[in-house]
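Next up, coords.cif (mmCIF, C-alpha atoms):
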```
data_protein
loop_
_atom_site.group_PDB
_atom_site.id
_atom_site.type_symbol
_atom_site.label_atom_id
_atom_site.label_comp_id
_atom_site.auth_asym_id
_atom_site.auth_seq_id
_atom_site.Cartn_x
_atom_site.Cartn_y
_atom_site.Cartn_z
ATOM 1 C CA MET S 1 21.786 116.615 33.612
ATOM 2 C CA ILE S 2 18.869 118.771 32.489
ATOM 3 C CA HIS S 3 19.090 122.442 33.568
ATOM 4 C CA VAL S 4 15.760 123.937 32.655
ATOM 5 C CA VAL S 5 15.304 125.909 35.872
ATOM 6 C CA SER S 6 18.819 127.261 36.601
ATOM 7 C CA MET S 7 18.742 131.058 36.642
ATOM 8 C CA LYS S 8 21.619 133.506 37.022
ATOM 9 C CA THR S 9 22.199 137.206 36.682
ATOM 10 C CA TRP S 10 25.635 138.771 36.274
ATOM 11 C CA ALA S 11 26.884 141.966 37.844
ATOM 12 C CA ASP S 12 28.517 144.690 35.759
ATOM 13 C CA GLY S 13 32.090 143.691 35.025
ATOM 14 C CA GLU S 14 31.664 140.103 36.245
ATOM 15 C CA VAL S 15 33.557 137.576 34.123
ATOM 16 C CA VAL S 16 31.277 135.198 32.243
ATOM 17 C CA THR S 17 33.035 131.911 31.546
ATOM 18 C CA PRO S 18 32.193 129.383 28.830
ATOM 19 C CA ALA S 19 31.055 127.005 31.602
ATOM 20 C CA ASP S 20 28.627 129.707 32.848
ATOM 21 C CA MET S 21 27.240 130.155 29.335
ATOM 22 C CA LYS S 22 26.705 126.419 28.973
ATOM 23 C CA THR S 23 25.072 125.984 32.385
ATOM 24 C CA TYR S 24 22.951 129.139 32.496
ATOM 25 C CA VAL S 25 22.198 129.801 28.836
ATOM 26 C CA SER S 26 22.566 126.915 26.384
ATOM 27 C CA ASP S 27 21.455 124.149 28.791
ATOM 28 C CA VAL S 28 18.450 126.213 29.869
ATOM 29 C CA LEU S 29 17.458 126.978 26.274
ATOM 30 C CA ARG S 30 17.867 123.326 25.276
ATOM 31 C CA GLY S 31 15.730 122.297 28.256
ATOM 32 C CA LEU S 32 12.984 124.730 27.267
ATOM 33 C CA LEU S 33 13.069 123.708 23.602
ATOM 34 C CA GLU S 34 13.350 119.968 24.324
ATOM 35 C CA PRO S 35 11.783 119.389 27.762
ATOM 36 C CA PRO S 36 11.908 115.986 29.424
ATOM 37 C CA ALA S 37 9.097 113.915 27.926
ATOM 38 C CA CYS S 38 8.141 110.273 27.599
ATOM 39 C CA ARG S 39 5.275 108.609 25.710
ATOM 40 C CA ARG S 40 4.590 104.908 26.195
ATOM 41 C CA THR S 41 2.126 102.672 24.388
ATOM 42 C CA ALA S 42 0.339 99.357 24.839
ATOM 43 C CA ALA S 43 -1.508 97.456 22.132
ATOM 44 C CA SER S 44 -3.088 94.076 21.430
ATOM 45 C CA GLN S 45 -2.763 92.556 24.888
ATOM 46 C CA GLY S 46 -5.434 89.961 24.152
ATOM 47 C CA SER S 47 -3.435 87.290 25.970
ATOM 48 C CA GLU S 48 -3.620 89.332 29.202
ATOM 49 C CA GLN S 49 -7.245 89.183 30.220
ATOM 50 C CA ARG S 50 -8.132 91.456 33.133
ATOM 51 C CA PRO S 51 -10.899 90.439 35.580
ATOM 52 C CA PRO S 52 -14.040 92.579 35.910
ATOM 53 C CA ASP S 53 -14.742 95.134 38.653
ATOM 54 C CA THR S 54 -11.136 95.400 39.867
ATOM 55 C CA TRP S 55 -8.566 98.112 39.203
ATOM 56 C CA GLN S 56 -5.839 96.739 36.924
ATOM 57 C CA VAL S 57 -2.483 98.518 36.479
ATOM 58 C CA VAL S 58 -1.553 99.156 32.837
ATOM 59 C CA ARG S 59 1.766 97.678 31.728
ATOM 60 C CA TRP S 60 3.423 99.713 28.959
ATOM 61 C CA ASP S 61 5.816 98.646 26.213
ATOM 62 C CA ARG S 62 9.323 100.107 26.345
ATOM 63 C CA PRO S 63 9.593 103.284 24.267
ATOM 64 C CA ALA S 64 10.223 102.578 20.575
ATOM 65 C CA SER S 65 9.126 98.930 20.932
ATOM 66 C CA GLY S 66 5.937 96.938 20.483
ATOM 67 C CA ALA S 67 3.053 97.667 18.110
ATOM 68 C CA GLY S 68 3.076 101.343 19.124
ATOM 69 C CA SER S 69 6.807 101.843 18.562
ATOM 70 C CA PRO S 70 6.417 104.661 15.988
ATOM 71 C CA HIS S 71 4.318 106.575 18.526
ATOM 72 C CA SER S 72 6.477 106.227 21.642
ATOM 73 C CA TYR S 73 9.709 107.785 22.904
ATOM 74 C CA ASP S 74 11.737 108.807 25.944
ATOM 75 C CA SER S 75 13.639 112.068 25.447
ATOM 76 C CA THR S 76 15.814 111.265 28.481
ATOM 77 C CA ARG S 77 17.317 108.094 26.968
ATOM 78 C CA GLY S 78 15.406 105.742 29.250
ATOM 79 C CA SER S 79 15.467 107.482 32.632
ATOM 80 C CA MET S 80 11.740 108.241 32.477
ATOM 81 C CA ALA S 81 10.713 104.725 31.359
ATOM 82 C CA ARG S 82 12.665 102.503 33.747
ATOM 83 C CA GLU S 83 9.725 100.317 34.829
ATOM 84 C CA ALA S 84 6.892 98.662 32.883
ATOM 85 C CA THR S 85 4.030 100.351 34.746
ATOM 86 C CA LYS S 86 5.518 103.810 35.442
ATOM 87 C CA ILE S 87 6.811 107.008 33.893
ATOM 88 C CA HIS S 88 9.286 108.851 36.152
ATOM 89 C CA ALA S 89 9.894 112.609 36.424
ATOM 90 C CA PRO S 90 13.635 113.316 35.974
ATOM 91 C CA ILE S 91 13.520 116.855 37.444
ATOM 92 C CA PRO S 92 11.072 118.776 39.628
ATOM 93 C CA GLY S 93 8.376 120.763 37.841
ATOM 94 C CA LEU S 94 4.875 120.906 36.481
ATOM 95 C CA TYR S 95 4.126 117.976 34.183
ATOM 96 C CA GLU S 96 1.340 117.498 31.674
ATOM 97 C CA ILE S 97 -0.092 113.971 31.636
ATOM 98 C CA THR S 98 -2.015 112.962 28.514
ATOM 99 C CA CYS S 99 -3.398 109.511 27.968
ATOM 100 C CA GLY S 100 -5.777 107.481 25.874
ATOM 101 C CA ILE S 101 -7.048 103.960 26.371
ATOM 102 C CA VAL S 102 -8.666 101.288 24.204
ATOM 103 C CA VAL S 103 -10.389 98.523 26.172
ATOM 104 C CA ARG S 104 -12.073 95.490 24.626
ATOM 105 C CA SER S 105 -14.398 93.003 26.320
ATOM 106 C CA VAL S 106 -13.263 89.374 26.361
ATOM 107 C CA SER S 107 -16.842 88.389 25.465
ATOM 108 C CA GLY S 108 -20.175 90.152 25.441
ATOM 109 C CA ALA S 109 -20.911 93.812 26.014
ATOM 110 C CA LEU S 110 -18.778 96.148 28.112
ATOM 111 C CA PRO S 111 -21.223 98.502 29.876
ATOM 112 C CA TYR S 112 -18.622 100.740 31.545
ATOM 113 C CA THR S 113 -14.878 101.338 31.780
ATOM 114 C CA VAL S 114 -13.101 103.950 33.886
ATOM 115 C CA CYS S 115 -9.399 104.933 34.039
ATOM 116 C CA ALA S 116 -7.303 106.671 36.681
ATOM 117 C CA VAL S 117 -3.779 108.102 36.703
ATOM 118 C CA ASN S 118 -2.039 108.895 39.976
ATOM 119 C CA ARG S 119 1.409 109.811 41.257
ATOM 120 C CA ASN S 120 3.617 107.538 43.350
ATOM 121 C CA GLN S 121 1.028 104.759 43.639
ATOM 122 C CA GLU S 122 1.649 101.198 42.464
ATOM 123 C CA GLY S 123 -1.460 99.057 43.070
ATOM 124 C CA GLY S 124 -4.661 99.472 41.088
ATOM 125 C CA ASP S 125 -6.801 100.480 44.087
ATOM 126 C CA ALA S 126 -4.152 102.946 45.276
ATOM 127 C CA ILE S 127 -3.877 104.506 41.808
ATOM 128 C CA SER S 128 -7.648 105.015 41.629
ATOM 129 C CA SER S 129 -7.902 106.527 45.124
ATOM 130 C CA LEU S 130 -7.870 110.344 44.975
ATOM 131 C CA ALA S 131 -6.394 110.270 41.469
ATOM 132 C CA PRO S 132 -5.727 113.738 40.007
ATOM 133 C CA LEU S 133 -6.759 112.362 36.600
ATOM 134 C CA ARG S 134 -9.793 110.120 36.234
ATOM 135 C CA PHE S 135 -11.999 109.645 33.181
ATOM 136 C CA GLY S 136 -14.679 107.358 31.817
ATOM 137 C CA CYS S 137 -14.553 105.736 28.423
ATOM 138 C CA GLY S 138 -17.137 106.106 25.675
ATOM 139 C CA ARG S 139 -18.550 103.383 23.509
ATOM 140 C CA ALA S 140 -16.814 102.603 20.250
ATOM 141 C CA THR S 141 -18.783 99.358 19.814
ATOM 142 C CA SER S 142 -20.829 97.320 22.293
ATOM 143 C CA ARG S 143 -17.640 95.387 23.148
ATOM 144 C CA GLU S 144 -15.137 98.226 23.001
ATOM 145 C CA LYS S 145 -14.580 101.426 24.999
ATOM 146 C CA VAL S 146 -12.195 104.282 24.268
ATOM 147 C CA GLY S 147 -11.317 107.290 26.389
ATOM 148 C CA ALA S 148 -8.765 110.040 26.887
ATOM 149 C CA GLY S 149 -7.807 112.548 29.539
ATOM 150 C CA SER S 150 -5.168 115.063 30.559
ATOM 151 C CA ALA S 151 -4.044 116.912 33.681
ATOM 152 C CA THR S 152 -1.164 119.096 34.837
ATOM 153 C CA ILE S 153 0.371 118.104 38.180
ATOM 154 C CA PRO S 154 3.496 119.028 40.179
ATOM 155 C CA LEU S 155 6.133 116.309 40.536
ATOM 156 C CA ASP S 156 9.502 116.104 42.241
ATOM 157 C CA ALA S 157 12.513 114.385 40.685
ATOM 158 C CA GLY S 158 11.971 110.630 41.019
ATOM 159 C CA ASP S 159 8.174 110.836 41.350
ATOM 160 C CA PHE S 160 6.250 108.669 38.904
ATOM 161 C CA VAL S 161 2.795 108.305 37.399
ATOM 162 C CA SER S 162 0.891 105.061 36.744
ATOM 163 C CA MET S 163 -2.473 104.230 35.154
ATOM 164 C CA ALA S 164 -5.133 101.732 36.241
ATOM 165 C CA VAL S 165 -8.303 100.591 34.420
ATOM 166 C CA ASN S 166 -11.549 99.109 35.735
ATOM 167 C CA GLY S 167 -14.256 97.517 33.595
ATOM 168 C CA SER S 168 -17.643 95.920 34.200
ATOM 169 C CA ASN S 169 -16.712 92.788 32.248
ATOM 170 C CA ALA S 170 -13.459 90.850 31.759
ATOM 171 C CA PHE S 171 -11.352 92.904 29.333
ATOM 172 C CA TYR S 172 -7.992 93.390 27.699
ATOM 173 C CA LEU S 173 -6.184 96.424 26.320
ATOM 174 C CA GLY S 174 -6.303 97.092 22.622
ATOM 175 C CA ASP S 175 -7.741 94.709 20.094
ATOM 176 C CA ALA S 176 -6.066 91.418 19.236
ATOM 177 C CA GLN S 177 -7.084 91.784 15.577
ATOM 178 C CA ASP S 178 -6.163 95.460 15.153
ATOM 179 C CA SER S 179 -2.731 96.413 16.479
ATOM 180 C CA GLN S 180 -3.305 100.046 15.506
ATOM 181 C CA LEU S 181 -5.775 100.391 18.410
ATOM 182 C CA ILE S 182 -3.068 101.635 20.760
ATOM 183 C CA SER S 183 -3.375 102.883 24.331
ATOM 184 C CA HIS S 184 -0.850 105.495 25.448
ATOM 185 C CA MET S 185 0.344 107.673 28.321
ATOM 186 C CA GLU S 186 2.664 110.674 28.042
ATOM 187 C CA LEU S 187 4.409 112.727 30.719
ATOM 188 C CA ARG S 188 5.935 116.069 29.640
ATOM 189 C CA TRP S 189 7.680 118.798 31.690
ATOM 190 C CA VAL S 190 5.822 122.084 31.069
ATOM 191 C CA GLY S 191 7.227 124.475 33.676
ATOM 192 C CA VAL S 192 8.591 125.139 37.135
ATOM 193 C CA LYS S 193 6.547 124.268 40.207
ATOM 194 C CA PRO S 194 4.634 127.242 41.648
#
```
Any chance you could put this one into structure tokens?
Amino acid sequence: MIHVVSMKTWADGEVVTPADMKTYVSDVLRGLLEPPACRRTAASQGSEQRPPDTWQVVRWDRPASGAGSPHSYDSTRGSMAREATKIHAPIPGLYEITCGIVVRSVSGALPYTVCAVNRNQEGGDAISSLAPLRFGCGRATSREKVGAGSATIPLDAGDFVSMAVNGSNAFYLGDAQDSQLISHMELRWVGVKP
């Protein structure tokens, strides 16, 4: 269990046990130095063409797997990355979401691409509706768009975030020829909820 928000004061003469020191000092310090965090990647999904003008949910590789394995992790040993399209918050708090996306047209130009990240939403349209993080992608080439965004949002334990992408032409994530063109999403605990 992660104890990054447990606080305690001791009265004069109160006995401080080793269990108290672990719970209220060492666990708290460890939580502050190594907060819950998870970064997932997706690359070269050329076999998964996405239709145009519809919000498509991004499916992520498991941490430490796939083409982006050196750039992904789950500091909670898998509790944050239980499902392919989500990153879960293990404890309540403020979380920083950072993400980047590489989108490539199946054929022809890709005039626009937009991304959205939302909490506790599963379908593409639901993720895009009132999303606390939404960003457009800039042109890398006429067929490829790249973009990035970040936001800090409050989450309760068990809440999750998901990403959806919409493009003006049929597209896929990454680039089938260049596996280093990796999309990613990271969720990191940054403090207690106000």
6 Å contact set for Ser128 of chain S, all atoms listed in the file, chain neighbours under 3 positions out, as a PDB file with C-alpha atoms, keeping the file's coordinate frame:
```pdb
ATOM      1  CA  ALA S 116      -7.303 106.671  36.681  1.00  0.00           C
ATOM      2  CA  ASP S 125      -6.801 100.480  44.087  1.00  0.00           C
ATOM      3  CA  ALA S 131      -6.394 110.270  41.469  1.00  0.00           C
TER       4      ALA S 131
END
```
Given the PyMOL selection byres ((chain S and resi 152) around 6) and the file above, list the residues it selects as a PDB file with C-alpha atoms, in the coordinates of the input.
```pdb
ATOM      1  CA  TYR S  95       4.126 117.976  34.183  1.00  0.00           C
ATOM      2  CA  GLU S  96       1.340 117.498  31.674  1.00  0.00           C
ATOM      3  CA  ALA S 151      -4.044 116.912  33.681  1.00  0.00           C
ATOM      4  CA  ILE S 153       0.371 118.104  38.180  1.00  0.00           C
TER       5      ILE S 153
END
```
Quick one: distance from atom CA of Ala81 of chain S to atom CA of Ala37 of chain S in Å, one decimal?
9.9 Å
So which one's closest to Leu187 of chain S, S:Pro35, S:Gly147, S:Pro132, S:Pro51? Using all atoms listed in the file, please.
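Among S:Pro35, S:Gly147, S:Pro132, S:Pro51, it is S:Pro35 that comes nearest to Leu187 of chain S.
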Could you tell me which residues the PyMOL selection byres ((chain S and resi 101-110) around 9) returns for this structure, as a VMD selection string?
chain S and resid 42 to 43 46 49 to 50 99 to 100 111 to 113 115 137 139 141 to 148 165 167 to 175 181 to 185
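With atom CA of His88 of chain S on one side and atom CA of Ala67 of chain S on the other, the separation reads 22.1 Å.
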For Ile91 of chain S, which of S:Trp10, S:Tyr73, S:Trp55, S:Phe160 is the closest residue, counting all atoms listed in the file?
S:Phe160
Show me, as JSON, the centre and edge lengths in Å to one decimal of the axis-aligned box that covers every listed atom of segment 82-101 of chain S with 6 Å on each side.
```
{"center_x": 3.3, "center_y": 109.8, "center_z": 32.8, "size_x": 32.7, "size_y": 34.2, "size_z": 25.8}
```
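When only C-alpha atoms are used to compute distances to Leu94 of chain S, the closest of the residues S:Ser72, S:Asp12, S:Cys38, S:Ala157 turns out to be S:Ala157.
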I'd like the interatomic distance between atom CA of Asp74 of chain S and atom CA of Ala19 of chain S, to a tenth of an Å.
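Answer for the atom CA of Asp74 of chain S to atom CA of Ala19 of chain S separation: 27.1 Å.
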